[in-house]
>>> print(open('query-v2.pdb').read())   # PDB, C-alpha atoms
ATOM      1  CA  MET A   1      13.513  22.038  -7.098
ATOM      2  CA  ASN A   2      10.662  19.751  -8.113
ATOM      3  CA  CYS A   3       8.456  17.711  -5.777
ATOM      4  CA  GLU A   4      10.207  14.422  -6.479
ATOM      5  CA  ALA A   5      13.580  15.825  -5.489
ATOM      6  CA  ARG A   6      12.173  17.000  -2.155
ATOM      7  CA  SER A   7      10.393  13.716  -1.430
ATOM      8  CA  ASP A   8      12.102  10.634  -0.063
ATOM      9  CA  VAL A   9       9.602   7.809  -0.524
ATOM     10  CA  ARG A  10      10.623   4.237   0.155
ATOM     11  CA  LEU A  11       8.995   0.821   0.363
ATOM     12  CA  VAL A  12      11.262  -1.417   2.427
ATOM     13  CA  THR A  13      11.184  -5.121   3.247
ATOM     14  CA  ALA A  14      13.655  -5.036   6.156
ATOM     15  CA  PRO A  15      13.414  -3.304   9.566
ATOM     16  CA  PHE A  16      14.494   0.352   9.650
ATOM     17  CA  SER A  17      15.675   2.640  12.443
ATOM     18  CA  GLN A  18      13.244   5.509  12.853
ATOM     19  CA  ALA A  19      15.779   7.466  14.934
ATOM     20  CA  ASP A  20      18.494   7.276  12.262
ATOM     21  CA  GLU A  21      16.071   8.070   9.451
ATOM     22  CA  LEU A  22      14.607  11.067  11.252
ATOM     23  CA  ALA A  23      18.042  12.443  12.170
ATOM     24  CA  ALA A  24      19.223  12.160   8.548
ATOM     25  CA  PHE A  25      16.006  13.796   7.304
ATOM     26  CA  ALA A  26      16.342  16.731   9.732
ATOM     27  CA  ALA A  27      19.991  17.230   8.731
ATOM     28  CA  ARG A  28      18.942  17.412   5.066
ATOM     29  CA  TYR A  29      16.667  20.439   5.682
ATOM     30  CA  PRO A  30      18.428  22.901   7.988
ATOM     31  CA  GLU A  31      16.273  25.709   6.558
ATOM     32  CA  ALA A  32      13.100  24.066   7.863
ATOM     33  CA  GLY A  33      11.942  25.573  11.120
ATOM     34  CA  GLY A  34       9.854  22.599  12.060
ATOM     35  CA  ILE A  35       9.636  18.884  11.408
ATOM     36  CA  VAL A  36       6.576  16.838  12.276
ATOM     37  CA  SER A  37       6.854  13.069  12.195
ATOM     38  CA  PHE A  38       4.542  10.139  12.749
ATOM     39  CA  LEU A  39       5.693   6.625  13.549
ATOM     40  CA  GLY A  40       3.302   3.713  13.223
ATOM     41  CA  GLN A  41       4.360   0.507  14.933
ATOM     42  CA  VAL A  42       2.930  -2.983  15.324
ATOM     43  CA  ARG A  43       0.598  -2.856  18.304
ATOM     44  CA  ALA A  44       1.409  -5.308  21.068
ATOM     45  CA  GLY A  45      -1.410  -7.056  22.898
ATOM     46  CA  ASP A  46      -4.688  -8.729  21.868
ATOM     47  CA  GLY A  47      -2.646 -11.901  21.420
ATOM     48  CA  VAL A  48      -1.069 -10.659  18.176
ATOM     49  CA  GLU A  49       2.124 -12.599  17.473
ATOM     50  CA  ALA A  50       3.006 -11.125  14.085
ATOM     51  CA  LEU A  51       1.751  -8.783  11.393
ATOM     52  CA  GLU A  52       2.417  -9.203   7.697
ATOM     53  CA  LEU A  53       1.962  -6.573   5.031
ATOM     54  CA  GLN A  54       1.756  -7.574   1.412
ATOM     55  CA  HIS A  55       2.204  -5.149  -1.479
ATOM     56  CA  TYR A  56       1.937  -5.299  -5.266
ATOM     57  CA  GLU A  57       5.130  -3.976  -6.787
ATOM     58  CA  PRO A  58       3.703  -2.167  -9.865
ATOM     59  CA  LEU A  59       1.124  -0.230  -7.824
ATOM     60  CA  THR A  60       2.262   0.269  -4.245
ATOM     61  CA  LEU A  61       5.358   2.463  -4.519
ATOM     62  CA  PRO A  62       4.106   4.551  -7.488
ATOM     63  CA  ALA A  63       0.940   5.376  -5.493
ATOM     64  CA  MET A  64       3.030   6.385  -2.448
ATOM     65  CA  GLU A  65       5.116   8.684  -4.668
ATOM     66  CA  GLU A  66       1.984  10.182  -6.183
ATOM     67  CA  LEU A  67       0.641  10.871  -2.680
ATOM     68  CA  ALA A  68       3.875  12.639  -1.678
ATOM     69  CA  GLY A  69       3.512  14.834  -4.768
ATOM     70  CA  ARG A  70      -0.071  15.700  -3.794
ATOM     71  CA  VAL A  71       1.043  16.646  -0.273
ATOM     72  CA  HIS A  72       3.752  18.910  -1.709
ATOM     73  CA  ARG A  73       1.270  20.710  -3.918
ATOM     74  CA  ARG A  74      -1.123  21.300  -1.007
ATOM     75  CA  TRP A  75       1.289  22.691   1.609
ATOM     76  CA  ARG A  76       4.502  24.685   1.564
ATOM     77  CA  LEU A  77       7.070  22.083   2.506
ATOM     78  CA  ASP A  78      10.831  21.910   2.359
ATOM     79  CA  GLY A  79      10.866  18.122   2.363
ATOM     80  CA  MET A  80       8.797  15.005   2.849
ATOM     81  CA  LEU A  81       9.793  11.549   4.085
ATOM     82  CA  VAL A  82       7.688   8.399   3.723
ATOM     83  CA  ILE A  83       9.103   4.992   4.661
ATOM     84  CA  HIS A  84       6.735   2.024   4.651
ATOM     85  CA  ARG A  85       7.481  -1.563   5.587
ATOM     86  CA  SER A  86       6.257  -4.623   3.786
ATOM     87  CA  GLY A  87       6.717  -8.235   4.900
ATOM     88  CA  ALA A  88       6.495  -9.904   8.309
ATOM     89  CA  MET A  89       6.859  -7.833  11.490
ATOM     90  CA  ALA A  90       6.763  -8.438  15.244
ATOM     91  CA  PRO A  91       4.940  -6.330  17.876
ATOM     92  CA  GLY A  92       6.897  -3.122  18.459
ATOM     93  CA  ASP A  93       8.448  -3.082  14.972
ATOM     94  CA  PRO A  94       8.070   0.159  13.012
ATOM     95  CA  ILE A  95       5.605  -0.059  10.101
ATOM     96  CA  VAL A  96       5.544   3.459   8.731
ATOM     97  CA  LEU A  97       7.449   6.682   9.268
ATOM     98  CA  VAL A  98       6.125   9.912   7.794
ATOM     99  CA  ALA A  99       7.852  13.256   8.298
ATOM    100  CA  ALA A 100       7.239  16.705   6.880
ATOM    101  CA  ALA A 101       9.753  19.544   7.076
ATOM    102  CA  ALA A 102       8.464  23.088   6.658
ATOM    103  CA  ARG A 103       9.324  26.669   7.430
ATOM    104  CA  HIS A 104       6.201  26.874   9.594
ATOM    105  CA  ARG A 105       4.916  24.152  11.871
ATOM    106  CA  ARG A 106       1.230  24.250  10.864
ATOM    107  CA  ASP A 107       2.073  23.182   7.314
ATOM    108  CA  ALA A 108       4.217  20.349   8.687
ATOM    109  CA  PHE A 109       1.502  19.109  11.082
ATOM    110  CA  ALA A 110      -1.207  19.187   8.422
ATOM    111  CA  ALA A 111       0.959  17.574   5.745
ATOM    112  CA  ALA A 112       1.962  14.659   7.989
ATOM    113  CA  ASP A 113      -1.654  14.176   9.125
ATOM    114  CA  PHE A 114      -2.968  14.223   5.536
ATOM    115  CA  ALA A 115      -0.269  11.835   4.341
ATOM    116  CA  MET A 116      -1.033   9.344   7.130
ATOM    117  CA  ASP A 117      -4.806   9.417   6.603
ATOM    118  CA  HIS A 118      -4.328   8.726   2.911
ATOM    119  CA  LEU A 119      -1.686   6.049   3.434
ATOM    120  CA  LYS A 120      -3.975   4.273   5.896
ATOM    121  CA  SER A 121      -7.015   4.184   3.681
ATOM    122  CA  GLU A 122      -5.783   4.262   0.091
ATOM    123  CA  SER A 123      -2.396   2.641  -0.182
ATOM    124  CA  TRP A 124      -1.966  -0.742  -1.828
ATOM    125  CA  PHE A 125      -1.268  -2.942   1.162
ATOM    126  CA  TRP A 126      -2.958  -6.076   2.383
ATOM    127  CA  LYS A 127      -2.507  -6.955   6.009
ATOM    128  CA  ARG A 128      -2.849 -10.141   7.996
ATOM    129  CA  GLU A 129      -2.148 -10.869  11.616
ATOM    130  CA  LYS A 130      -1.167 -14.016  13.426
ATOM    131  CA  LYS A 131      -2.993 -14.995  16.599
ATOM    132  CA  ASP A 132      -2.723 -18.373  18.335
ATOM    133  CA  GLY A 133      -0.583 -19.563  15.438
ATOM    134  CA  ALA A 134      -3.239 -18.801  12.805
ATOM    135  CA  TRP A 135      -3.105 -16.043  10.143
ATOM    136  CA  ARG A 136      -6.168 -13.904   9.485
ATOM    137  CA  TRP A 137      -6.589 -11.191   6.805
ATOM    138  CA  ILE A 138      -7.601  -7.749   8.072
ATOM    139  CA  GLU A 139     -10.503  -6.096   6.293
ATOM    140  CA  PRO A 140     -10.690  -2.320   5.665
ATOM    141  CA  ARG A 141     -11.737  -0.223   8.673
ATOM    142  CA  GLU A 142     -14.677   2.181   8.528
ATOM    143  CA  GLN A 143     -12.726   4.618  10.685
ATOM    144  CA  ASP A 144      -9.959   4.914   8.066
ATOM    145  CA  LEU A 145     -12.530   5.901   5.438
ATOM    146  CA  GLU A 146     -14.056   8.477   7.784
ATOM    147  CA  ASP A 147     -10.612   9.906   8.544
ATOM    148  CA  ILE A 148      -9.960  10.519   4.866
ATOM    149  CA  ALA A 149     -13.381  12.116   4.293
ATOM    150  CA  ARG A 150     -12.541  15.085   6.505
ATOM    151  CA  TRP A 151      -9.994  16.383   3.948
ATOM    152  CA  GLY A 152     -12.735  16.906   1.329
TER     153      GLY A 152
ATOM    154  CA  MET B   1       3.610 -18.849 -23.364
ATOM    155  CA  PRO B   2       1.147 -18.707 -20.464
ATOM    156  CA  ILE B   3      -0.106 -15.672 -18.602
ATOM    157  CA  ASP B   4       0.558 -14.952 -14.929
ATOM    158  CA  LEU B   5      -2.198 -14.562 -12.375
ATOM    159  CA  ILE B   6      -1.442 -12.737  -9.123
ATOM    160  CA  PHE B   7      -3.765 -13.083  -6.115
ATOM    161  CA  LEU B   8      -3.416 -10.471  -3.393
ATOM    162  CA  GLY B   9      -4.633 -10.555   0.192
ATOM    163  CA  ARG B  10      -7.350 -13.051   1.079
ATOM    164  CA  LEU B  11      -7.611 -14.136  -2.582
ATOM    165  CA  GLU B  12      -4.263 -15.862  -2.094
ATOM    166  CA  ASP B  13      -5.938 -18.224   0.395
ATOM    167  CA  VAL B  14      -8.808 -18.976  -1.996
ATOM    168  CA  ALA B  15      -6.384 -19.675  -4.859
ATOM    169  CA  GLY B  16      -4.006 -21.675  -2.668
ATOM    170  CA  ALA B  17      -1.003 -19.579  -3.789
ATOM    171  CA  GLY B  18      -0.157 -15.967  -4.500
ATOM    172  CA  GLN B  19       0.679 -16.648  -8.109
ATOM    173  CA  ARG B  20      -0.071 -19.196 -10.821
ATOM    174  CA  ALA B  21       0.349 -19.611 -14.542
ATOM    175  CA  ALA B  22      -2.719 -20.017 -16.741
ATOM    176  CA  ALA B  23      -3.312 -20.688 -20.410
ATOM    177  CA  LEU B  24      -3.765 -17.621 -22.575
ATOM    178  CA  GLN B  25      -7.408 -16.737 -23.210
ATOM    179  CA  PRO B  26      -8.677 -13.839 -25.279
ATOM    180  CA  SER B  27     -10.282 -11.978 -22.353
ATOM    181  CA  VAL B  28     -10.102 -11.629 -18.593
ATOM    182  CA  ASP B  29     -13.622 -13.091 -18.403
ATOM    183  CA  ALA B  30     -12.492 -16.204 -20.266
ATOM    184  CA  VAL B  31      -9.487 -16.556 -17.933
ATOM    185  CA  ILE B  32     -11.747 -16.398 -14.866
ATOM    186  CA  ASP B  33     -14.161 -18.912 -16.462
ATOM    187  CA  SER B  34     -11.288 -21.381 -16.833
ATOM    188  CA  LEU B  35     -10.603 -21.420 -13.057
ATOM    189  CA  GLU B  36     -12.283 -23.480 -10.343
ATOM    190  CA  PRO B  37     -15.804 -22.188  -9.583
ATOM    191  CA  GLU B  38     -15.066 -21.135  -5.993
ATOM    192  CA  LEU B  39     -12.054 -19.069  -7.067
ATOM    193  CA  ALA B  40     -13.898 -17.619 -10.076
ATOM    194  CA  GLN B  41     -16.689 -16.470  -7.779
ATOM    195  CA  ALA B  42     -14.237 -14.816  -5.365
ATOM    196  CA  LEU B  43     -12.469 -13.006  -8.242
ATOM    197  CA  ARG B  44     -15.797 -11.707  -9.586
ATOM    198  CA  ALA B  45     -16.773 -10.044  -6.277
ATOM    199  CA  PRO B  46     -17.727  -6.422  -7.028
ATOM    200  CA  ASN B  47     -15.053  -5.036  -4.706
ATOM    201  CA  VAL B  48     -12.170  -6.874  -6.417
ATOM    202  CA  LYS B  49     -10.144  -4.624  -8.717
ATOM    203  CA  LEU B  50      -8.007  -5.796 -11.602
ATOM    204  CA  ALA B  51      -4.679  -4.698 -12.989
ATOM    205  CA  VAL B  52      -3.187  -5.932 -16.251
ATOM    206  CA  ASN B  53       0.591  -5.538 -16.463
ATOM    207  CA  GLY B  54       0.496  -3.196 -13.474
ATOM    208  CA  ILE B  55      -2.146  -0.871 -14.950
ATOM    209  CA  LEU B  56      -5.394  -0.637 -13.010
ATOM    210  CA  LEU B  57      -8.478  -1.409 -15.100
ATOM    211  CA  ARG B  58     -11.609   0.710 -15.001
ATOM    212  CA  ASP B  59     -14.963  -1.083 -14.885
ATOM    213  CA  THR B  60     -15.549  -0.561 -18.583
ATOM    214  CA  ASP B  61     -12.118  -1.761 -19.742
ATOM    215  CA  ALA B  62     -12.027  -5.100 -21.535
ATOM    216  CA  PRO B  63      -8.409  -5.578 -22.612
ATOM    217  CA  VAL B  64      -7.368  -8.152 -25.204
ATOM    218  CA  LEU B  65      -4.812 -10.384 -23.501
ATOM    219  CA  ARG B  66      -1.446 -11.336 -24.955
ATOM    220  CA  ASP B  67       1.199 -13.929 -24.197
ATOM    221  CA  GLY B  68       3.080 -13.177 -20.997
ATOM    222  CA  ASP B  69       0.521 -10.714 -19.605
ATOM    223  CA  GLU B  70       0.184 -10.434 -15.844
ATOM    224  CA  ILE B  71      -3.280 -10.103 -14.331
ATOM    225  CA  ALA B  72      -3.462  -9.055 -10.680
ATOM    226  CA  PHE B  73      -6.635  -9.490  -8.634
ATOM    227  CA  LEU B  74      -6.818  -6.869  -5.884
ATOM    228  CA  PRO B  75      -9.334  -7.174  -3.032
ATOM    229  CA  PRO B  76     -10.086  -4.099  -0.880
ATOM    230  CA  VAL B  77      -6.865  -2.843   0.694
ATOM    231  CA  SER B  78      -6.478  -3.035   4.443
ATOM    232  CA  GLY B  79      -4.298   0.071   4.380
ATOM    233  CA  GLY B  80      -0.857   0.906   5.643
TER     234      GLY B  80
END
>>> encode(input="query-v2.pdb", output="structure tokens")
Amino acid sequence: MNCEARSDVRLVTAPFSQADELAAFAARYPEAGGIVSFLGQVRAGDGVEALELQHYEPLTLPAMEELAGRVHRRWRLDGMLVIHRSGAMAPGDPIVLVAAAARHRRDAFAAADFAMDHLKSESWFWKREKKDGAWRWIEPREQDLEDIARWG
Amino acid sequence: MPIDLIFLGRLEDVAGAGQRAAALQPSVDAVIDSLEPELAQALRAPNVKLAVNGILLRDTDAPVLRDGDEIAFLPPVSGG
């Protein structure tokens, strides 16, 4: 099977259920001994009322698919799941769900970690948050660039 | 037929909208020159990338524009 067939990569504009998605993903790969998943959600606090992610259709999803392919080539995986939200979200809403299914857990941990670091720093999303009724664009974080550097 | 300009992220605020139509010009430079000075300056920032019809331009690319082309101006991403 090729990488694309073993990757489920989606850009969605409506809320998704991480529990349902993860259960369906696990059921798809009974041969995998381990599944590692990461859920990113809108952080509550700091007066944040809403978060909005903007994407650019011709670039955003193709780049996510290319990343999933890279992850597959680097580790021995049975399957890979990447679901990313775009649009307006409230604190507590899921933003991103990444899961890697592998025969051995170390591959799954590393693959999910790598995928998240690269999604955070390289993917084509622009983010703004609403505080006290006013929207403000979020600039790139130094930490995200440092996180990606450790993969060489 | 005009061309479409797409402004992502904070550039949307400078342009006043995420998208606008502009008259066809032979080059991206000429398109930017035809816009208001404040917007032109923001689009020329060194960290703004460009895509024409969904294809990312490299620094040395100078595409000849055609009717109906879409130019996207992409500021640094804030990540997923």
>>> interface_residues(input="query-v2.pdb", of="chain B", to="chain A", cutoff="7 Å", atoms="only C-alpha atoms", output="ChimeraX atom specification")
/B:9-10,54,76-80
>>> resolve_selection(input="query-v2.pdb", expression="the PyMOL selection byres ((chain B and resi 67) around 9)", output="JSON, numbers by chain")
{"B": [1, 2, 3, 23, 24, 65, 66, 68, 69]}
>>> write_last_selection(input="query-v2.pdb", atoms="C-alpha atoms", output="tab-separated table (two decimals), keeping the file's coordinate frame")
chain	number	residue	atom	x	y	z
B	1	MET	CA	3.61	-18.85	-23.36
B	2	PRO	CA	1.15	-18.71	-20.46
B	3	ILE	CA	-0.11	-15.67	-18.60
B	23	ALA	CA	-3.31	-20.69	-20.41
B	24	LEU	CA	-3.76	-17.62	-22.58
B	65	LEU	CA	-4.81	-10.38	-23.50
B	66	ARG	CA	-1.45	-11.34	-24.96
B	68	GLY	CA	3.08	-13.18	-21.00
B	69	ASP	CA	0.52	-10.71	-19.60
>>> closest_residue(input="query-v2.pdb", among="A:Phe16, A:Trp135, A:Phe25, A:Trp151", to="Leu81 of chain A", atoms="only C-alpha atoms")
A:Phe25
>>> resolve_selection(input="query-v2.pdb", expression="the PyMOL selection byres ((chain B and resi 72) around 12)", output="PyMOL selection string")
(chain A and resi 55-59) or (chain B and resi 3-9+11-12+18-21+28+32+43+48-57+69-71+73-75)
>>> resolve_selection(input="query-v2.pdb", expression="the PyMOL selection byres ((chain A and resi 105) around 12)", output="list in words")
Ala32, Gly33, Gly34, Ile35, Val36, Ser37, Trp75, Arg76, Leu77, Asp78, Ala99, Ala100, Ala101, Ala102, Arg103, His104, Arg106, Asp107, Ala108, Phe109, Ala110, Ala111 and Ala112 of chain A
>>> atom_distance(input="query-v2.pdb", atom1="atom CA of Ala27 of chain A", atom2="atom CA of Gly79 of chain A")
11.2 Å
>>> atom_distance(input="query-v2.pdb", atom1="atom CA of Asn47 of chain B", atom2="atom CA of Leu145 of chain A")
15.1 Å
>>> residues_around(input="query-v2.pdb", residues="segment 65-69 of chain A", least_positions_apart="5", cutoff="9 Å", atoms="all atoms listed in the file", output="ChimeraX atom specification")
/A:3-4,7-10,60,74,80-82,115,118-119
>>> closest_residue(input="query-v2.pdb", among="A:Ala63, A:Val48, A:Val98, A:Ala88", to="Glu21 of chain A", atoms="all atoms listed in the file")
A:Val98
>>> residues_around(input="query-v2.pdb", residues="Val64 of chain B", least_positions_apart="4", cutoff="9 Å", atoms="all atoms listed in the file", output="ChimeraX atom specification")
/B:25-28
>>> atom_distance(input="query-v2.pdb", atom1="atom CA of Val42 of chain A", atom2="atom CA of Phe114 of chain A")
20.7 Å
>>> residues_around(input="query-v2.pdb", residues="Gly92 of chain A", least_positions_apart="2", cutoff="8 Å", atoms="all atoms listed in the file", output="list in words")
Gln41, Val42, Arg43, Ala44, Ala90 and Pro94 of chain A
>>> build_atoms(input="query-v2.pdb", residues="segment 3-21 of chain B", atoms="N, CA and C atoms", output="PDB file, keeping the file's coordinate frame")
ATOM      1  N   ILE B   3       0.005 -16.959 -19.279  1.00  0.00           N
ATOM      2  CA  ILE B   3      -0.106 -15.672 -18.602  1.00  0.00           C
ATOM      3  C   ILE B   3       0.042 -15.906 -17.095  1.00  0.00           C
ATOM      4  N   ASP B   4       0.371 -14.843 -16.381  1.00  0.00           N
ATOM      5  CA  ASP B   4       0.558 -14.952 -14.929  1.00  0.00           C
ATOM      6  C   ASP B   4      -0.637 -14.360 -14.212  1.00  0.00           C
ATOM      7  N   LEU B   5      -1.121 -15.087 -13.217  1.00  0.00           N
ATOM      8  CA  LEU B   5      -2.198 -14.562 -12.375  1.00  0.00           C
ATOM      9  C   LEU B   5      -1.623 -14.292 -10.986  1.00  0.00           C
ATOM     10  N   ILE B   6      -1.924 -13.116 -10.450  1.00  0.00           N
ATOM     11  CA  ILE B   6      -1.442 -12.737  -9.123  1.00  0.00           C
ATOM     12  C   ILE B   6      -2.660 -12.540  -8.213  1.00  0.00           C
ATOM     13  N   PHE B   7      -2.642 -13.196  -7.060  1.00  0.00           N
ATOM     14  CA  PHE B   7      -3.765 -13.083  -6.115  1.00  0.00           C
ATOM     15  C   PHE B   7      -3.279 -12.399  -4.856  1.00  0.00           C
ATOM     16  N   LEU B   8      -3.845 -11.235  -4.572  1.00  0.00           N
ATOM     17  CA  LEU B   8      -3.416 -10.471  -3.393  1.00  0.00           C
ATOM     18  C   LEU B   8      -4.357 -10.728  -2.218  1.00  0.00           C
ATOM     19  N   GLY B   9      -3.829 -10.491  -1.024  1.00  0.00           N
ATOM     20  CA  GLY B   9      -4.633 -10.555   0.192  1.00  0.00           C
ATOM     21  C   GLY B   9      -5.344 -11.890   0.342  1.00  0.00           C
ATOM     22  N   ARG B  10      -6.604 -11.824   0.788  1.00  0.00           N
ATOM     23  CA  ARG B  10      -7.350 -13.051   1.079  1.00  0.00           C
ATOM     24  C   ARG B  10      -7.561 -13.923  -0.160  1.00  0.00           C
ATOM     25  N   LEU B  11      -7.437 -13.338  -1.361  1.00  0.00           N
ATOM     26  CA  LEU B  11      -7.611 -14.136  -2.582  1.00  0.00           C
ATOM     27  C   LEU B  11      -6.516 -15.185  -2.720  1.00  0.00           C
ATOM     28  N   GLU B  12      -5.365 -14.900  -2.094  1.00  0.00           N
ATOM     29  CA  GLU B  12      -4.263 -15.862  -2.094  1.00  0.00           C
ATOM     30  C   GLU B  12      -4.701 -17.167  -1.405  1.00  0.00           C
ATOM     31  N   ASP B  13      -5.480 -17.029  -0.323  1.00  0.00           N
ATOM     32  CA  ASP B  13      -5.938 -18.224   0.395  1.00  0.00           C
ATOM     33  C   ASP B  13      -6.942 -19.015  -0.446  1.00  0.00           C
ATOM     34  N   VAL B  14      -7.809 -18.289  -1.166  1.00  0.00           N
ATOM     35  CA  VAL B  14      -8.808 -18.976  -1.996  1.00  0.00           C
ATOM     36  C   VAL B  14      -8.114 -19.710  -3.141  1.00  0.00           C
ATOM     37  N   ALA B  15      -7.085 -19.075  -3.721  1.00  0.00           N
ATOM     38  CA  ALA B  15      -6.384 -19.675  -4.859  1.00  0.00           C
ATOM     39  C   ALA B  15      -5.391 -20.748  -4.423  1.00  0.00           C
ATOM     40  N   GLY B  16      -4.973 -20.703  -3.158  1.00  0.00           N
ATOM     41  CA  GLY B  16      -4.006 -21.675  -2.668  1.00  0.00           C
ATOM     42  C   GLY B  16      -2.564 -21.251  -2.869  1.00  0.00           C
ATOM     43  N   ALA B  17      -2.352 -20.132  -3.576  1.00  0.00           N
ATOM     44  CA  ALA B  17      -1.003 -19.579  -3.789  1.00  0.00           C
ATOM     45  C   ALA B  17      -1.151 -18.145  -4.255  1.00  0.00           C
ATOM     46  N   GLY B  18      -0.104 -17.371  -4.102  1.00  0.00           N
ATOM     47  CA  GLY B  18      -0.157 -15.967  -4.500  1.00  0.00           C
ATOM     48  C   GLY B  18      -0.028 -15.760  -6.003  1.00  0.00           C
ATOM     49  N   GLN B  19       0.389 -16.794  -6.685  1.00  0.00           N
ATOM     50  CA  GLN B  19       0.679 -16.648  -8.109  1.00  0.00           C
ATOM     51  C   GLN B  19       0.477 -17.994  -8.806  1.00  0.00           C
ATOM     52  N   ARG B  20      -0.029 -17.961 -10.022  1.00  0.00           N
ATOM     53  CA  ARG B  20      -0.071 -19.196 -10.821  1.00  0.00           C
ATOM     54  C   ARG B  20      -0.064 -18.850 -12.303  1.00  0.00           C
ATOM     55  N   ALA B  21       0.367 -19.797 -13.095  1.00  0.00           N
ATOM     56  CA  ALA B  21       0.349 -19.611 -14.542  1.00  0.00           C
ATOM     57  C   ALA B  21      -0.968 -20.159 -15.075  1.00  0.00           C
TER      58      ALA B  21
END
